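Enquirer: work_29.pdb is reproduced in full below (PDB, C-alpha atoms).
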```pdb
ATOM      1  CA  MET A   1      -2.585  14.163  37.634
ATOM      2  CA  PRO A   2      -5.274  13.688  35.008
ATOM      3  CA  VAL A   3      -6.211  16.692  32.908
ATOM      4  CA  THR A   4      -9.675  16.783  31.387
ATOM      5  CA  ILE A   5     -10.231  18.563  28.110
ATOM      6  CA  SER A   6     -13.767  18.624  26.850
ATOM      7  CA  ASP A   7     -14.776  17.037  23.568
ATOM      8  CA  GLU A   8     -16.027  20.474  22.556
ATOM      9  CA  VAL A   9     -12.530  21.943  22.852
ATOM     10  CA  LEU A  10     -10.988  19.015  20.985
ATOM     11  CA  LYS A  11     -13.529  19.397  18.192
ATOM     12  CA  ALA A  12     -12.974  23.150  18.003
ATOM     13  CA  ALA A  13      -9.219  22.567  17.727
ATOM     14  CA  HIS A  14      -9.731  19.790  15.159
ATOM     15  CA  ILE A  15      -7.547  17.445  17.182
ATOM     16  CA  THR A  16      -7.981  14.049  18.802
ATOM     17  CA  GLU A  17      -6.873  13.205  22.321
ATOM     18  CA  PRO A  18      -3.884  11.104  21.113
ATOM     19  CA  GLU A  19      -2.837  13.924  18.762
ATOM     20  CA  LEU A  20      -3.067  16.418  21.617
ATOM     21  CA  ASN A  21      -0.857  14.191  23.778
ATOM     22  CA  GLN A  22       1.684  13.992  20.960
ATOM     23  CA  GLU A  23       1.673  17.759  20.445
ATOM     24  CA  LEU A  24       2.134  18.356  24.171
ATOM     25  CA  ALA A  25       4.970  15.822  24.301
ATOM     26  CA  LEU A  26       6.709  17.455  21.341
ATOM     27  CA  VAL A  27       6.488  20.930  22.853
ATOM     28  CA  LEU A  28       7.665  19.833  26.298
ATOM     29  CA  PHE A  29      10.571  17.886  24.793
ATOM     30  CA  GLN A  30      11.531  20.802  22.570
ATOM     31  CA  GLN A  31      11.547  23.080  25.629
ATOM     32  CA  GLU A  32      13.753  20.503  27.405
ATOM     33  CA  ARG A  33      11.132  19.997  30.113
ATOM     34  CA  LEU A  34      10.834  16.259  29.379
ATOM     35  CA  THR A  35      13.423  13.670  28.462
ATOM     36  CA  LEU A  36      13.052  11.624  25.308
ATOM     37  CA  ALA A  37      11.734   8.674  27.312
ATOM     38  CA  GLN A  38       9.230  10.819  29.218
ATOM     39  CA  ALA A  39       8.012  12.561  26.076
ATOM     40  CA  SER A  40       7.656   9.235  24.256
ATOM     41  CA  ARG A  41       5.493   7.873  27.061
ATOM     42  CA  LEU A  42       3.326  11.000  27.118
ATOM     43  CA  ALA A  43       2.884  10.754  23.359
ATOM     44  CA  GLY A  44       1.883   7.117  23.684
ATOM     45  CA  LEU A  45       4.633   6.086  21.276
ATOM     46  CA  GLY A  46       7.785   4.018  21.449
ATOM     47  CA  GLN A  47      10.994   6.000  21.386
ATOM     48  CA  LEU A  48      11.741   5.195  17.748
ATOM     49  CA  ALA A  49       8.235   6.213  16.651
ATOM     50  CA  PHE A  50       8.526   9.418  18.690
ATOM     51  CA  GLN A  51      11.912  10.146  17.118
ATOM     52  CA  ALA A  52      10.351   9.611  13.678
ATOM     53  CA  LEU A  53       7.622  12.108  14.576
ATOM     54  CA  MET A  54      10.300  14.555  15.721
ATOM     55  CA  ALA A  55      12.162  14.053  12.430
ATOM     56  CA  GLU A  56       8.968  14.815  10.476
ATOM     57  CA  ARG A  57       8.706  18.078  12.411
ATOM     58  CA  ARG A  58      12.437  18.775  12.144
ATOM     59  CA  ILE A  59      12.801  18.859  15.922
ATOM     60  CA  PRO A  60      16.382  18.006  16.925
ATOM     61  CA  ILE A  61      17.170  15.487  19.611
ATOM     62  CA  HIS A  62      18.912  17.218  22.503
ATOM     63  CA  TYR A  63      22.028  15.113  22.714
ATOM     64  CA  GLY A  64      25.205  17.016  23.221
ATOM     65  CA  VAL A  65      28.693  16.328  24.463
ATOM     66  CA  THR A  66      27.574  16.324  28.096
ATOM     67  CA  GLU A  67      24.937  13.647  27.469
ATOM     68  CA  PHE A  68      27.440  11.618  25.430
ATOM     69  CA  ARG A  69      29.983  11.699  28.265
ATOM     70  CA  GLU A  70      27.302  10.702  30.777
ATOM     71  CA  ASP A  71      26.317   7.752  28.581
ATOM     72  CA  LEU A  72      29.971   6.682  28.230
ATOM     73  CA  ARG A  73      30.438   6.916  31.996
ATOM     74  CA  ALA A  74      27.312   4.832  32.594
ATOM     75  CA  LEU A  75      28.480   2.194  30.078
ATOM     76  CA  ARG A  76      31.915   2.000  31.692
ATOM     77  CA  LEU A  77      30.344   1.590  35.132
ATOM     78  CA  ALA A  78      28.213  -1.221  33.753
ATOM     79  CA  ASP A  79      31.324  -2.861  32.202
ATOM     80  CA  ARG A  80      29.783  -2.674  28.752
ATOM     81  CA  PHE A  81      32.422  -0.521  27.080
TER      82      PHE A  81
END
```
Just dump the structure as structure tokens.

Expert:
Amino acid sequence: MPVTISDEVLKAAHITEPELNQELALVLFQQERLTLAQASRLAGLGQLAFQALMAERRIPIHYGVTEFREDLRALRLADRF
């Protein structure tokens, strides 16, 4: 669903459209509403570039024991580990 934000609002906020997309992606990732891949796409960045942006902002990657176990399980199912 496209969202239209007027140029007037962007100018008033002193932000460009790509910057706004990045800010939105950061907030939604931080609130755990988007995955890293989803947030990277919304930001218009590759995952490594998005992770670098997160590091600049000191936003931690949500990767706990549960995610680690899920990744291990997926690797084992794919015969990669």

Enquirer: What is the atom CA of Gln22 of chain A to atom CA of Ile59 of chain A distance in Å?

Expert: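 If I compute the distance from atom CA of Gln22 of chain A to atom CA of Ile59 of chain A, I get 13.1 Å.
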
Enquirer: Rounded to one decimal in Å, what is the spacing between atom CA of Ala39 of chain A and atom CA of Leu26 of chain A?

Expert: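 Spanning atom CA of Ala39 of chain A to atom CA of Leu26 of chain A is a straight-line distance of 6.9 Å.
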
Enquirer: For Ser40 of chain A, which residue among A:Ala78, A:Leu28, A:Ala13, A:Met1 is the nearest when counting all atoms listed in the file?

Expert: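 Looking only at the distances to Ser40 of chain A, the closest residue turns out to be A:Leu28.
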
Enquirer: Give me, please, the distance in Å between atom CA of Glu19 of chain A and atom CA of Leu53 of chain A, quoted to one decimal.

Expert: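 Going from atom CA of Glu19 of chain A over to atom CA of Leu53 of chain A covers 11.4 Å.
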
Enquirer: In terms of the shortest atom-to-atom distance over all atoms listed in the file, which of A:Asp71, A:Gln51, A:Thr4, A:Asp79 is closest to Gln30 of chain A?

Expert: A:Gln51

Enquirer: Could you write out as a list in words the residues that the PyMOL selection byres ((chain A and resi 41) around 12) matches in the shown file?

Expert: Pro18, Asn21, Gln22, Leu24, Ala25, Leu26, Phe29, Leu34, Thr35, Leu36, Ala37, Gln38, Ala39, Ser40, Leu42, Ala43, Gly44, Leu45, Gly46, Gln47, Leu48, Ala49 and Phe50 of chain A

Enquirer: Under the rule that all atoms listed in the file are counted, which of A:Tyr63, A:Glu32, A:Val3, A:Glu56 is the nearest residue to Leu20 of chain A?

Expert: A:Val3

Enquirer: Go through A:Ile5, A:Leu77, A:Leu72, A:Val27 and flag the residue nearest Arg57 of chain A, using all atoms listed in the file for the distances.

Expert: A:Val27

Enquirer: Will you model N, CA and C atoms for segment 33-64 of chain A and pass it back as a short mmCIF file (atom, residue, chain, number, x, y, z; two decimals), in the frame of the given file?

Expert:
```
data_model
loop_
_atom_site.label_atom_id
_atom_site.label_comp_id
_atom_site.auth_asym_id
_atom_site.auth_seq_id
_atom_site.Cartn_x
_atom_site.Cartn_y
_atom_site.Cartn_z
N ARG A 33 11.83 20.23 28.84
CA ARG A 33 11.13 20.00 30.11
C ARG A 33 10.91 18.51 30.35
N LEU A 34 10.96 17.71 29.27
CA LEU A 34 10.83 16.26 29.38
C LEU A 34 12.01 15.61 28.65
N THR A 35 12.41 14.45 29.16
CA THR A 35 13.42 13.67 28.46
C THR A 35 12.76 12.97 27.28
N LEU A 36 13.57 12.36 26.45
CA LEU A 36 13.05 11.62 25.31
C LEU A 36 12.14 10.50 25.77
N ALA A 37 12.55 9.78 26.79
CA ALA A 37 11.73 8.67 27.31
C ALA A 37 10.41 9.19 27.87
N GLN A 38 10.45 10.26 28.64
CA GLN A 38 9.23 10.82 29.22
C GLN A 38 8.29 11.32 28.13
N ALA A 39 8.84 12.02 27.16
CA ALA A 39 8.01 12.56 26.08
C ALA A 39 7.40 11.44 25.24
N SER A 40 8.17 10.38 25.00
CA SER A 40 7.66 9.24 24.26
C SER A 40 6.47 8.61 24.97
N ARG A 41 6.60 8.44 26.28
CA ARG A 41 5.49 7.87 27.06
C ARG A 41 4.26 8.76 27.02
N LEU A 42 4.45 10.07 27.17
CA LEU A 42 3.33 11.00 27.12
C LEU A 42 2.65 10.95 25.76
N ALA A 43 3.43 10.81 24.71
CA ALA A 43 2.88 10.75 23.36
C ALA A 43 2.21 9.42 23.06
N GLY A 44 2.46 8.44 23.92
CA GLY A 44 1.88 7.12 23.68
C GLY A 44 2.57 6.38 22.56
N LEU A 45 3.86 6.68 22.36
CA LEU A 45 4.63 6.09 21.28
C LEU A 45 5.92 5.48 21.83
N GLY A 46 6.45 4.51 21.12
CA GLY A 46 7.78 4.02 21.45
C GLY A 46 8.79 5.09 21.09
N GLN A 47 10.00 4.96 21.63
CA GLN A 47 10.99 6.00 21.39
C GLN A 47 11.34 6.16 19.91
N LEU A 48 11.42 5.07 19.18
CA LEU A 48 11.74 5.20 17.75
C LEU A 48 10.62 5.89 16.99
N ALA A 49 9.37 5.56 17.31
CA ALA A 49 8.24 6.21 16.65
C ALA A 49 8.20 7.69 17.02
N PHE A 50 8.50 8.01 18.28
CA PHE A 50 8.53 9.42 18.69
C PHE A 50 9.65 10.16 17.98
N GLN A 51 10.80 9.52 17.84
CA GLN A 51 11.91 10.15 17.12
C GLN A 51 11.55 10.36 15.65
N ALA A 52 10.80 9.44 15.07
CA ALA A 52 10.35 9.61 13.68
C ALA A 52 9.41 10.81 13.57
N LEU A 53 8.52 10.96 14.56
CA LEU A 53 7.62 12.11 14.58
C LEU A 53 8.43 13.40 14.71
N MET A 54 9.44 13.38 15.56
CA MET A 54 10.30 14.56 15.72
C MET A 54 11.01 14.87 14.41
N ALA A 55 11.47 13.85 13.70
CA ALA A 55 12.16 14.05 12.43
C ALA A 55 11.22 14.68 11.41
N GLU A 56 9.96 14.23 11.39
CA GLU A 56 8.97 14.82 10.48
C GLU A 56 8.80 16.30 10.74
N ARG A 57 8.89 16.68 12.01
CA ARG A 57 8.71 18.08 12.41
C ARG A 57 10.02 18.85 12.44
N ARG A 58 11.09 18.18 12.12
CA ARG A 58 12.44 18.77 12.14
C ARG A 58 12.80 19.32 13.53
N ILE A 59 12.46 18.53 14.54
CA ILE A 59 12.80 18.86 15.92
C ILE A 59 14.05 18.06 16.28
N PRO A 60 15.14 18.73 16.62
CA PRO A 60 16.38 18.01 16.92
C PRO A 60 16.31 17.30 18.27
N ILE A 61 17.03 16.19 18.34
CA ILE A 61 17.17 15.49 19.61
C ILE A 61 18.24 16.22 20.40
N HIS A 62 17.95 16.51 21.65
CA HIS A 62 18.91 17.22 22.50
C HIS A 62 19.92 16.20 23.02
N TYR A 63 21.01 16.07 22.33
CA TYR A 63 22.03 15.11 22.71
C TYR A 63 23.37 15.73 22.40
N GLY A 64 23.95 16.32 23.41
CA GLY A 64 25.20 17.02 23.22
C GLY A 64 26.36 16.25 23.83
#
```
